[in-house]
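**Q** Data: run04.cif, mmCIF, C-alpha atoms.
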data_my_file
loop_
_atom_site.group_PDB
_atom_site.id
_atom_site.type_symbol
_atom_site.label_atom_id
_atom_site.label_comp_id
_atom_site.auth_asym_id
_atom_site.auth_seq_id
_atom_site.Cartn_x
_atom_site.Cartn_y
_atom_site.Cartn_z
ATOM 1 C CA MET O 8 122.224 116.279 -127.376
ATOM 2 C CA GLN O 9 122.641 112.546 -127.593
ATOM 3 C CA GLN O 10 123.953 111.324 -124.290
ATOM 4 C CA ASN O 11 127.381 109.686 -124.239
ATOM 5 C CA LYS O 12 126.884 106.023 -123.352
ATOM 6 C CA ASP O 13 130.496 105.405 -122.269
ATOM 7 C CA PHE O 14 129.982 106.494 -118.677
ATOM 8 C CA LEU O 15 132.637 107.847 -116.358
ATOM 9 C CA PHE O 16 131.725 105.694 -113.398
ATOM 10 C CA PRO O 17 133.265 102.555 -111.835
ATOM 11 C CA VAL O 18 131.686 99.117 -112.082
ATOM 12 C CA SER O 19 131.814 96.761 -109.123
ATOM 13 C CA ALA O 20 134.731 94.330 -109.471
ATOM 14 C CA GLU O 21 132.739 91.341 -108.248
ATOM 15 C CA GLY O 22 129.488 90.242 -106.663
ATOM 16 C CA PRO O 23 126.039 91.711 -107.272
ATOM 17 C CA TYR O 24 125.427 94.968 -109.099
ATOM 18 C CA ALA O 25 125.572 98.245 -107.252
ATOM 19 C CA LEU O 26 122.650 100.505 -108.155
ATOM 20 C CA SER O 27 124.959 102.695 -110.276
ATOM 21 C CA ASP O 28 125.984 99.632 -112.325
ATOM 22 C CA PHE O 29 122.367 98.484 -112.572
ATOM 23 C CA LEU O 30 121.179 101.848 -113.884
ATOM 24 C CA GLN O 31 123.961 102.006 -116.478
ATOM 25 C CA LYS O 32 123.230 98.462 -117.652
ATOM 26 C CA HIS O 33 119.564 99.301 -118.184
ATOM 27 C CA PHE O 34 120.486 102.569 -119.871
ATOM 28 C CA PHE O 35 122.550 100.661 -122.452
ATOM 29 C CA GLU O 36 119.628 98.256 -122.974
ATOM 30 C CA GLU O 37 117.149 101.180 -123.370
ATOM 31 C CA PHE O 38 114.974 99.604 -120.681
ATOM 32 C CA ASN O 39 111.358 100.658 -120.059
ATOM 33 C CA GLY O 40 109.801 99.870 -116.687
ATOM 34 C CA LYS O 41 110.427 100.066 -112.956
ATOM 35 C CA ILE O 42 113.375 99.237 -110.689
ATOM 36 C CA ASP O 43 112.607 98.353 -107.068
ATOM 37 C CA VAL O 44 115.414 99.144 -104.617
ATOM 38 C CA LEU O 45 115.042 97.149 -101.381
ATOM 39 C CA THR O 46 116.961 96.941 -98.129
ATOM 40 C CA PRO O 47 115.736 95.543 -94.793
ATOM 41 C CA GLN O 48 114.874 99.099 -93.712
ATOM 42 C CA ALA O 49 113.966 100.875 -96.946
ATOM 43 C CA HIS O 50 112.112 100.631 -100.250
ATOM 44 C CA GLY O 51 112.552 102.952 -103.194
ATOM 45 C CA MET O 52 111.384 102.970 -106.803
ATOM 46 C CA ILE O 53 112.940 104.261 -110.012
ATOM 47 C CA PHE O 54 110.954 104.442 -113.244
ATOM 48 C CA ILE O 55 112.900 104.209 -116.512
ATOM 49 C CA GLN O 56 111.940 105.286 -120.019
ATOM 50 C CA ASN O 57 114.207 104.320 -122.943
ATOM 51 C CA GLY O 58 117.007 103.743 -120.437
ATOM 52 C CA ASN O 59 116.693 107.154 -118.764
ATOM 53 C CA PRO O 60 115.417 107.563 -115.177
ATOM 54 C CA ILE O 61 112.375 109.854 -115.247
ATOM 55 C CA HIS O 62 110.913 109.361 -111.761
ATOM 56 C CA ALA O 63 112.275 108.225 -108.401
ATOM 57 C CA SER O 64 110.699 108.059 -104.965
ATOM 58 C CA PHE O 65 112.313 107.264 -101.633
ATOM 59 C CA ASP O 66 111.732 108.254 -98.010
ATOM 60 C CA LYS O 67 109.043 110.856 -98.862
ATOM 61 C CA LYS O 68 111.340 112.404 -101.479
ATOM 62 C CA GLU O 69 110.939 112.420 -105.247
ATOM 63 C CA GLY O 70 113.082 113.229 -108.253
ATOM 64 C CA ASP O 71 116.826 113.803 -108.391
ATOM 65 C CA GLU O 72 117.419 113.857 -104.621
ATOM 66 C CA ALA O 73 115.480 110.622 -104.137
ATOM 67 C CA LEU O 74 117.620 108.869 -106.753
ATOM 68 C CA LEU O 75 120.843 110.266 -105.232
ATOM 69 C CA GLU O 76 119.850 108.925 -101.817
ATOM 70 C CA LEU O 77 118.996 105.529 -103.313
ATOM 71 C CA LEU O 78 122.483 105.416 -104.855
ATOM 72 C CA GLN O 79 123.940 105.700 -101.348
ATOM 73 C CA LEU O 80 122.119 102.650 -99.954
ATOM 74 C CA PRO O 81 124.549 99.818 -99.100
ATOM 75 C CA ASN O 82 123.985 96.430 -100.790
ATOM 76 C CA PRO O 83 120.385 96.923 -101.966
ATOM 77 C CA ASN O 84 118.318 94.149 -103.502
ATOM 78 C CA LEU O 85 117.500 95.285 -107.061
ATOM 79 C CA THR O 86 114.600 94.046 -109.162
ATOM 80 C CA ALA O 87 113.606 95.297 -112.617
ATOM 81 C CA VAL O 88 110.063 94.878 -113.955
ATOM 82 C CA SER O 89 109.545 95.870 -117.587
ATOM 83 C CA GLY O 90 106.516 97.514 -119.122
ATOM 84 C CA ILE O 91 105.353 99.527 -116.078
ATOM 85 C CA PRO O 92 104.723 103.190 -117.010
ATOM 86 C CA SER O 93 105.888 105.989 -114.724
ATOM 87 C CA PRO O 94 103.214 107.734 -112.619
ATOM 88 C CA ALA O 95 105.075 111.049 -112.911
ATOM 89 C CA SER O 96 108.130 112.776 -114.371
ATOM 90 C CA THR O 97 110.222 114.247 -111.559
ATOM 91 C CA ILE O 98 113.874 113.720 -112.547
ATOM 92 C CA GLY O 99 115.303 116.745 -114.300
ATOM 93 C CA ASN O 100 118.874 115.614 -115.012
ATOM 94 C CA LYS O 101 120.486 113.015 -117.227
ATOM 95 C CA LEU O 102 121.783 109.830 -115.673
ATOM 96 C CA GLU O 103 125.416 110.763 -116.346
ATOM 97 C CA ASN O 104 125.039 114.042 -114.436
ATOM 98 C CA LEU O 105 123.365 112.265 -111.524
ATOM 99 C CA LEU O 106 126.162 109.689 -111.317
ATOM 100 C CA ILE O 107 128.800 112.421 -111.379
ATOM 101 C CA GLU O 108 126.953 114.325 -108.640
ATOM 102 C CA PHE O 109 126.787 111.096 -106.610
ATOM 103 C CA ALA O 110 130.553 110.618 -107.069
ATOM 104 C CA LEU O 111 131.200 114.206 -105.960
ATOM 105 C CA ARG O 112 129.196 113.646 -102.786
ATOM 106 C CA GLU O 113 130.862 110.292 -102.108
ATOM 107 C CA GLN O 114 134.282 111.949 -102.341
ATOM 108 C CA ASN O 115 133.124 114.835 -100.135
ATOM 109 C CA ILE O 116 133.841 117.415 -102.827
ATOM 110 C CA THR O 117 132.180 120.537 -101.491
ATOM 111 C CA GLY O 118 130.857 123.502 -103.432
ATOM 112 C CA LYS O 119 127.818 124.505 -105.427
ATOM 113 C CA ASN O 120 125.476 121.694 -106.410
ATOM 114 C CA VAL O 121 126.421 120.975 -110.025
ATOM 115 C CA LEU O 122 122.853 119.899 -110.750
ATOM 116 C CA SER O 123 121.393 123.332 -110.044
ATOM 117 C CA PRO O 124 123.055 126.030 -112.190
ATOM 118 C CA SER O 125 121.669 129.533 -111.858
ATOM 119 C CA LYS O 126 121.940 132.223 -114.485
ATOM 120 C CA SER O 127 122.034 135.079 -111.995
ATOM 121 C CA ASP O 128 124.105 133.431 -109.275
ATOM 122 C CA PRO O 129 127.843 133.951 -109.749
ATOM 123 C CA THR O 130 130.295 131.523 -108.190
ATOM 124 C CA SER O 131 131.732 132.445 -104.820
ATOM 125 C CA SER O 132 135.254 132.890 -106.207
ATOM 126 C CA LYS O 133 136.504 133.948 -109.612
ATOM 127 C CA SER O 134 136.570 131.003 -112.003
ATOM 128 C CA SER O 135 139.834 129.882 -113.573
ATOM 129 C CA SER O 136 137.847 129.049 -116.724
ATOM 130 C CA LEU O 137 137.614 131.732 -119.383
ATOM 131 C CA LEU O 138 136.702 132.522 -122.969
ATOM 132 C CA GLU O 139 139.295 134.011 -125.306
ATOM 133 C CA VAL O 140 137.145 136.088 -127.656
ATOM 134 C CA HIS O 141 138.237 137.267 -131.127
ATOM 135 C CA ASN O 142 135.528 139.714 -132.237
ATOM 136 C CA PRO O 143 136.389 141.532 -135.453
ATOM 137 C CA PRO O 144 136.926 144.403 -135.801
ATOM 138 C CA ALA O 145 136.910 145.102 -132.043
ATOM 139 C CA GLY O 146 139.830 142.744 -131.454
ATOM 140 C CA LYS O 147 140.702 140.149 -128.821
ATOM 141 C CA PHE O 148 139.800 140.043 -125.129
ATOM 142 C CA GLU O 149 139.311 137.499 -122.317
ATOM 143 C CA PHE O 150 135.983 136.886 -120.585
ATOM 144 C CA PRO O 151 136.146 134.995 -117.234
ATOM 145 C CA LEU O 152 133.376 132.455 -116.648
ATOM 146 C CA ASP O 153 132.174 133.864 -113.338
ATOM 147 C CA HIS O 154 128.593 132.646 -113.895
ATOM 148 C CA THR O 155 127.292 129.113 -114.156
ATOM 149 C CA GLU O 156 125.321 130.226 -117.230
ATOM 150 C CA VAL O 157 126.512 132.716 -119.864
ATOM 151 C CA SER O 158 124.364 133.780 -122.810
ATOM 152 C CA ILE O 159 126.159 135.172 -125.876
ATOM 153 C CA GLY O 160 124.578 137.361 -128.531
ATOM 154 C CA ARG O 161 124.336 140.679 -130.301
ATOM 155 C CA VAL O 162 122.081 142.551 -127.828
ATOM 156 C CA ASP O 163 122.989 144.007 -124.438
ATOM 157 C CA SER O 164 120.645 141.703 -122.471
ATOM 158 C CA ASN O 165 123.183 138.858 -122.838
ATOM 159 C CA ILE O 166 125.734 138.103 -120.124
ATOM 160 C CA LEU O 167 128.356 138.359 -122.889
ATOM 161 C CA PRO O 168 127.071 140.908 -125.447
ATOM 162 C CA LEU O 169 129.034 141.022 -128.719
ATOM 163 C CA PRO O 170 127.829 143.762 -131.100
ATOM 164 C CA ASN O 171 128.551 141.903 -134.314
ATOM 165 C CA ILE O 172 126.034 141.787 -137.172
ATOM 166 C CA SER O 173 126.840 138.116 -137.887
ATOM 167 C CA LEU O 174 125.417 137.092 -134.498
ATOM 168 C CA SER O 175 121.784 136.517 -133.584
ATOM 169 C CA SER O 176 120.338 138.602 -130.771
ATOM 170 C CA HIS O 177 120.654 135.568 -128.473
ATOM 171 C CA HIS O 178 123.038 133.260 -130.294
ATOM 172 C CA ALA O 179 124.445 130.655 -127.888
ATOM 173 C CA LEU O 180 124.586 129.595 -124.261
ATOM 174 C CA ILE O 181 127.492 128.260 -122.177
ATOM 175 C CA PHE O 182 126.450 126.663 -118.903
ATOM 176 C CA LEU O 183 127.951 124.546 -116.111
ATOM 177 C CA GLN O 184 126.259 121.212 -115.457
ATOM 178 C CA GLY O 185 127.408 117.806 -114.241
ATOM 179 C CA GLY O 186 130.901 119.087 -113.445
ATOM 180 C CA ALA O 187 131.513 120.305 -117.030
ATOM 181 C CA TYR O 188 130.747 123.302 -119.244
ATOM 182 C CA HIS O 189 128.284 122.814 -122.099
ATOM 183 C CA LEU O 190 127.749 124.831 -125.278
ATOM 184 C CA LYS O 191 124.203 125.144 -126.670
ATOM 185 C CA ASP O 192 122.949 126.852 -129.822
ATOM 186 C CA LEU O 193 119.891 129.102 -129.299
ATOM 187 C CA ASN O 194 118.377 128.568 -132.749
ATOM 188 C CA SER O 195 120.746 131.122 -134.246
ATOM 189 C CA SER O 196 120.569 132.138 -137.906
ATOM 190 C CA ASN O 197 124.228 131.403 -138.737
ATOM 191 C CA GLY O 198 124.639 128.428 -136.403
ATOM 192 C CA THR O 199 127.051 127.478 -133.635
ATOM 193 C CA PHE O 200 130.199 125.573 -134.589
ATOM 194 C CA LEU O 201 132.504 123.600 -132.302
ATOM 195 C CA ASN O 202 135.906 122.645 -133.736
ATOM 196 C CA GLY O 203 134.533 123.173 -137.236
ATOM 197 C CA LYS O 204 131.351 121.113 -136.768
ATOM 198 C CA ARG O 205 127.880 122.606 -136.430
ATOM 199 C CA ILE O 206 126.238 121.548 -133.162
ATOM 200 C CA LYS O 207 123.023 121.958 -131.206
ATOM 201 C CA GLU O 208 124.562 121.136 -127.827
ATOM 202 C CA SER O 209 127.880 119.658 -126.767
ATOM 203 C CA VAL O 210 130.221 119.336 -123.781
ATOM 204 C CA LEU O 211 133.217 121.680 -123.907
ATOM 205 C CA LYS O 212 136.801 120.550 -123.419
ATOM 206 C CA ASN O 213 139.835 122.679 -122.664
ATOM 207 C CA GLY O 214 141.140 124.290 -125.863
ATOM 208 C CA ASP O 215 137.926 123.859 -127.899
ATOM 209 C CA GLN O 216 137.375 126.351 -130.735
ATOM 210 C CA ILE O 217 133.900 127.936 -130.949
ATOM 211 C CA GLN O 218 132.718 129.846 -134.026
ATOM 212 C CA LEU O 219 129.663 132.112 -133.819
ATOM 213 C CA GLY O 220 129.246 133.937 -137.124
ATOM 214 C CA ASP O 221 132.431 135.995 -137.557
ATOM 215 C CA VAL O 222 133.306 135.659 -133.868
ATOM 216 C CA ARG O 223 135.876 133.055 -132.835
ATOM 217 C CA ILE O 224 136.074 131.962 -129.196
ATOM 218 C CA GLN O 225 138.587 129.612 -127.573
ATOM 219 C CA PHE O 226 137.476 127.847 -124.400
ATOM 220 C CA HIS O 227 139.983 127.476 -121.548
ATOM 221 C CA SER O 228 139.000 125.419 -118.519
ATOM 222 C CA ARG O 229 140.728 124.015 -115.466
ATOM 223 C CA LEU O 230 137.667 122.377 -113.978
ATOM 224 C CA LYS O 231 138.503 119.181 -112.105
ATOM 225 C CA ARG O 232 136.064 116.325 -112.521
ATOM 226 C CA PRO O 233 135.945 113.637 -109.846
ATOM 227 C CA GLN O 234 138.461 110.825 -110.202
ATOM 228 C CA ILE O 235 136.211 108.237 -111.846
ATOM 229 C CA GLN O 236 137.520 105.406 -113.979
ATOM 230 C CA PRO O 237 135.950 104.887 -117.430
ATOM 231 C CA VAL O 238 133.373 102.191 -118.066
ATOM 232 C CA LEU O 239 132.738 100.706 -121.498
ATOM 233 C CA LYS O 240 129.348 99.526 -122.705
ATOM 234 C CA SER O 241 130.719 96.010 -123.193
ATOM 235 C CA GLN O 242 131.462 95.736 -119.466
ATOM 236 C CA LEU O 243 127.784 95.903 -118.597
ATOM 237 C CA LYS O 244 126.297 93.630 -121.261
ATOM 238 C CA GLN O 245 126.684 90.478 -119.157
ATOM 239 C CA PRO O 246 126.123 89.936 -115.406
ATOM 240 C CA LEU O 247 129.228 90.459 -113.301
ATOM 241 C CA ALA O 248 130.988 87.210 -112.391
ATOM 242 C CA LYS O 249 132.098 86.476 -108.867
ATOM 243 C CA LYS O 250 135.696 85.527 -108.222
ATOM 244 C CA ASN O 251 136.745 81.930 -107.536
ATOM 245 C CA SER O 252 133.641 80.559 -109.223
ATOM 246 C CA GLN O 253 133.930 76.898 -110.237
ATOM 247 C CA THR O 254 132.111 74.871 -112.875
ATOM 248 C CA PRO O 255 129.861 72.298 -111.150
ATOM 249 C CA ALA O 256 130.733 68.614 -111.686
ATOM 250 C CA VAL O 257 128.673 66.721 -114.271
ATOM 251 C CA ARG O 258 126.620 63.919 -112.743
ATOM 252 C CA ILE O 259 126.403 60.554 -114.502
ATOM 253 C CA THR O 260 122.656 61.052 -115.043
ATOM 254 C CA ASP O 261 123.463 64.104 -117.163
ATOM 255 C CA ALA O 262 125.054 61.807 -119.733
ATOM 256 C CA LEU O 263 121.685 60.169 -120.380
ATOM 257 C CA ARG O 264 119.617 63.371 -120.369
ATOM 258 C CA LEU O 265 118.276 64.322 -123.797
ATOM 259 C CA GLU O 266 118.155 68.008 -124.692
ATOM 260 C CA SER O 267 114.998 67.544 -126.736
ATOM 261 C CA SER O 268 111.339 67.429 -125.923
ATOM 262 C CA PRO O 269 109.007 64.656 -127.200
ATOM 263 C CA GLY O 270 107.405 67.049 -129.667
ATOM 264 C CA ASP O 271 110.718 68.441 -130.982
ATOM 265 C CA PRO O 272 113.356 65.671 -131.271
ATOM 266 C CA GLN O 273 116.981 66.723 -131.664
ATOM 267 C CA SER O 274 120.108 64.665 -132.284
ATOM 268 C CA LEU O 275 122.677 64.122 -129.559
ATOM 269 C CA ASN O 276 125.970 65.903 -129.833
ATOM 270 C CA PRO O 277 129.181 63.805 -130.258
ATOM 271 C CA ASP O 278 130.094 63.896 -126.551
ATOM 272 C CA GLN O 279 126.644 62.666 -125.544
ATOM 273 C CA LYS O 280 126.812 59.882 -128.155
ATOM 274 C CA ASN O 281 130.213 58.715 -126.876
ATOM 275 C CA ARG O 282 129.026 58.715 -123.243
ATOM 276 C CA LEU O 283 125.838 56.874 -124.109
ATOM 277 C CA PHE O 284 127.738 54.260 -126.191
ATOM 278 C CA PHE O 285 130.225 53.697 -123.347
ATOM 279 C CA ILE O 286 127.476 53.287 -120.721
ATOM 280 C CA ILE O 287 125.429 50.886 -122.917
ATOM 281 C CA THR O 288 128.545 48.830 -123.719
ATOM 282 C CA LEU O 289 129.459 48.664 -120.054
ATOM 283 C CA ILE O 290 125.928 47.536 -119.117
ATOM 284 C CA VAL O 291 125.943 44.842 -121.869
ATOM 285 C CA LEU O 292 129.326 43.499 -120.725
ATOM 286 C CA VAL O 293 128.243 43.377 -117.081
ATOM 287 C CA LEU O 294 124.948 41.642 -117.889
ATOM 288 C CA GLY O 295 126.699 39.224 -120.278
ATOM 289 C CA GLY O 296 129.298 38.316 -117.671
ATOM 290 C CA LEU O 297 126.624 37.847 -115.005
ATOM 291 C CA GLY O 298 124.570 35.602 -117.342
ATOM 292 C CA TYR O 299 127.605 33.505 -118.274
ATOM 293 C CA TYR O 300 128.461 33.041 -114.586
ATOM 294 C CA LEU O 301 124.901 31.972 -113.644
ATOM 295 C CA PHE O 302 124.584 29.630 -116.654
ATOM 296 C CA HIS O 303 127.789 27.740 -115.900
ATOM 297 C CA LYS O 304 127.422 27.668 -112.135
#
For this file, write the structure as C-alpha cells.
**A**
Amino acid sequence: MQQNKDFLFPVSAEGPYALSDFLQKHFFEEFNGKIDVLTPQAHGMIFIQNGNPIHASFDKKEGDEALLELLQLPNPNLTAVSGIPSPASTIGNKLENLLIEFALREQNITGKNVLSPSKSDPTSSKSSSLLEVHNPPAGKFEFPLDHTEVSIGRVDSNILPLPNISLSSHHALIFLQGGAYHLKDLNSSNGTFLNGKRIKESVLKNGDQIQLGDVRIQFHSRLKRPQIQPVLKSQLKQPLAKKNSQTPAVRITDALRLESSPGDPQSLNPDQKNRLFFIITLIVLVLGGLGYYLFHK
C-alpha cells in the first residue's frame, strides 16, 4: 500500500524542528542517508531510504524502540547527511505508525502496543468494532473483532470461515495496526473490493463496504485515534520560521556590491542602478563643491 503522505501529527509552531517534523520533512523529500540525533548526553542514528526509516540505533537499542526513544528526546540537534547506506534493516513499521505510537505514549494512552499485533492473541475486552456479514444464501450475521488479526476465507482454518464458493481458501485479512484496522487481499482469485474499488491493502474507516466474491461485509468501528492535528505536505517544504523575526537593515556598502563574478557579468537591477547613480552624483557634487571652495580661497 502506498503510504499516505498527509500525516496526522503536529508540526512545531516555531523554532527548530522536532525530530517528528524532521522525519516527516525528509519523508516528503524521499531522502536517502543518515540523520544524527544529538543531545549533550546522548547520540542516536536513523538511516533513511526513499524517505522511510529503515534502521535506528540508540542507547544499545535498535529498530522501532530505538526510534521511539529518540522521538522523546527534548530539543535534539539534528543533522542529515545524504548518500550514506544503512548498515542494517531493523525498523519493521511505517513512519506513520511509529508517529502514532509515539503520540499514544506521549498522551499516556495505555493498552496493547499497536505496533505488535498478534493473530492468536485476543484483546483483553470485547471489541466494539465488528463486521456485518451478508453471506448468501446463509444470510446476515455480526462478527465482533475480538482479535487484532482476522483472516477471512472459504476453509475452516480462517478466523472467520465463510463457506462460499466465490471465496478463495484464504481470501483477505483484517488486522489492527497503528491505531487503525487495515484490509489486505491475500492474492485471491476474485479480488478484494473496498467501496467498489479493487485494492491490495487499505485502511478501513467506519461504515466501509467490503466485497469478497458474493460476500458483502460492512465494517463498523469505534476505535479512537489519538487527538493529533493534521499536517499538510506544504507545511514541511520550507524551514519553520521563528516568530518576531526581522529583516536585517541594508548597509550602504550593499548598494555598491555587484551580484556578478568577474567571469560571469550580470546587469544591475533597477534599485541598484538608482542607488549607484545617487551615490556617484552625491560624490561628484561634494568633490565639485570642495574644488570650487579651494580654487577661490
**Q** Could you jot down the atom CA of Ser173 of chain O to atom CA of Glu156 of chain O separation for me, Å, one decimal place?
**A**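 Straight-line distance from atom CA of Ser173 of chain O to atom CA of Glu156 of chain O works out to 22.2 Å.
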**Q** As an exercise, work out the distance from atom CA of Met52 of chain O to atom CA of Phe38 of chain O in Å and give it to one decimal place.
**A** 14.7 Å
**Q** So the first atom is atom CA of Val140 of chain O and the second is atom CA of Gln225 of chain O; what is the distance between them in Å, to one decimal place?
**A** 6.6 Å
**Q** Could you list, as a list in words, every residue within 6 Å of segment 187-191 of chain O, counting all atoms listed in the file and ignoring same-chain residues fewer than 3 positions away?
**A**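 That gives Ala179, Leu180, Ile181, Phe182, Leu183, Gln184, Lys207, Glu208, Ser209, Val210 and Leu211 of chain O.
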**Q** Of the candidates O:Gly51, O:Gly298, O:Gly40, O:Pro144, which shows the shortest atom-to-atom distance to Leu78 of chain O, using all atoms listed in the file?
**A**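 For Leu78 of chain O, the nearest of the given residues is O:Gly51.
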**Q** Pick from O:Ser196, O:Leu26, O:Phe148, O:Gln56: nearest to Phe109 of chain O, with all atoms listed in the file counted?
**A**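 Among the listed residues, the smallest separation from Phe109 of chain O belongs to O:Leu26.
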**Q** Mind telling me what the PyMOL selection byres ((chain O and resi 64-66) around 7) catches here, as JSON, numbers by chain?
**A** {"O": [50, 51, 52, 53, 62, 63, 67, 68, 69, 70, 73]}
**Q** Which of these, O:Ala87, O:Leu77, O:Leu137, O:Ile107, has the shortest distance to Ile55 of chain O once you count all atoms listed in the file?
**A**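 Selected residue with least distance to Ile55 of chain O: O:Ala87.
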**Q** Using all atoms listed in the file, which protein or nucleic acid residues come within 8 Å of Thr46 of chain O? Drop anything in the same chain fewer than 3 positions from it, and give the result as a ChimeraX atom specification.
**A** /O:49-50,80,82-84
**Q** Calculated over all atoms listed in the file, which of the candidates O:Ser89, O:Asn202, O:Thr97, O:Asn142 has the smallest distance to Gly58 of chain O?
**A**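 Nearest to Gly58 of chain O: O:Ser89.
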**Q** Using the chain letters and numbers from the file, which residues does the PyMOL selection byres ((chain O and resi 178) around 12) grab, as a PyMOL selection string?
**A** chain O and resi 157-162+164-177+179-181+190-200+207+218-220+222
**Q** Calculated over only C-alpha atoms, which of the candidates O:Ala145, O:Ile206, O:Ile290, O:Val44 has the smallest distance to Pro81 of chain O?
**A**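 Ranking O:Ala145, O:Ile206, O:Ile290, O:Val44 by distance to Pro81 of chain O, first place goes to O:Val44.
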**Q** Can you sort out the box for segment 146-154 of chain O, edges along x, y and z, all listed atoms in, 5 Å on every side, with centre and edge lengths in Å to one decimal, as lines of an AutoDock Vina configuration file?
**A**
center_x = 134.6
center_y = 137.6
center_z = -122.4
size_x = 22.1
size_y = 20.3
size_z = 28.1
**Q** Report as a list in words the residues that result from applying the PyMOL selection byres ((chain O and resi 100) around 9) to the structure here.
**A**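 Those residues are Pro60, Ile61, Asp71, Ile98, Gly99, Lys101, Leu102, Glu103, Asn104, Leu105, Leu122 and Gly185 of chain O.
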**Q** Those residues you just picked out, can you put them in a file as an mmCIF file, in the coordinates of the input with C-alpha atoms?
**A**
data_model
loop_
_atom_site.group_PDB
_atom_site.id
_atom_site.type_symbol
_atom_site.label_atom_id
_atom_site.label_comp_id
_atom_site.auth_asym_id
_atom_site.auth_seq_id
_atom_site.Cartn_x
_atom_site.Cartn_y
_atom_site.Cartn_z
ATOM 1 C CA PRO O 60 115.417 107.563 -115.177
ATOM 2 C CA ILE O 61 112.375 109.854 -115.247
ATOM 3 C CA ASP O 71 116.826 113.803 -108.391
ATOM 4 C CA ILE O 98 113.874 113.720 -112.547
ATOM 5 C CA GLY O 99 115.303 116.745 -114.300
ATOM 6 C CA LYS O 101 120.486 113.015 -117.227
ATOM 7 C CA LEU O 102 121.783 109.830 -115.673
ATOM 8 C CA GLU O 103 125.416 110.763 -116.346
ATOM 9 C CA ASN O 104 125.039 114.042 -114.436
ATOM 10 C CA LEU O 105 123.365 112.265 -111.524
ATOM 11 C CA LEU O 122 122.853 119.899 -110.750
ATOM 12 C CA GLY O 185 127.408 117.806 -114.241
#
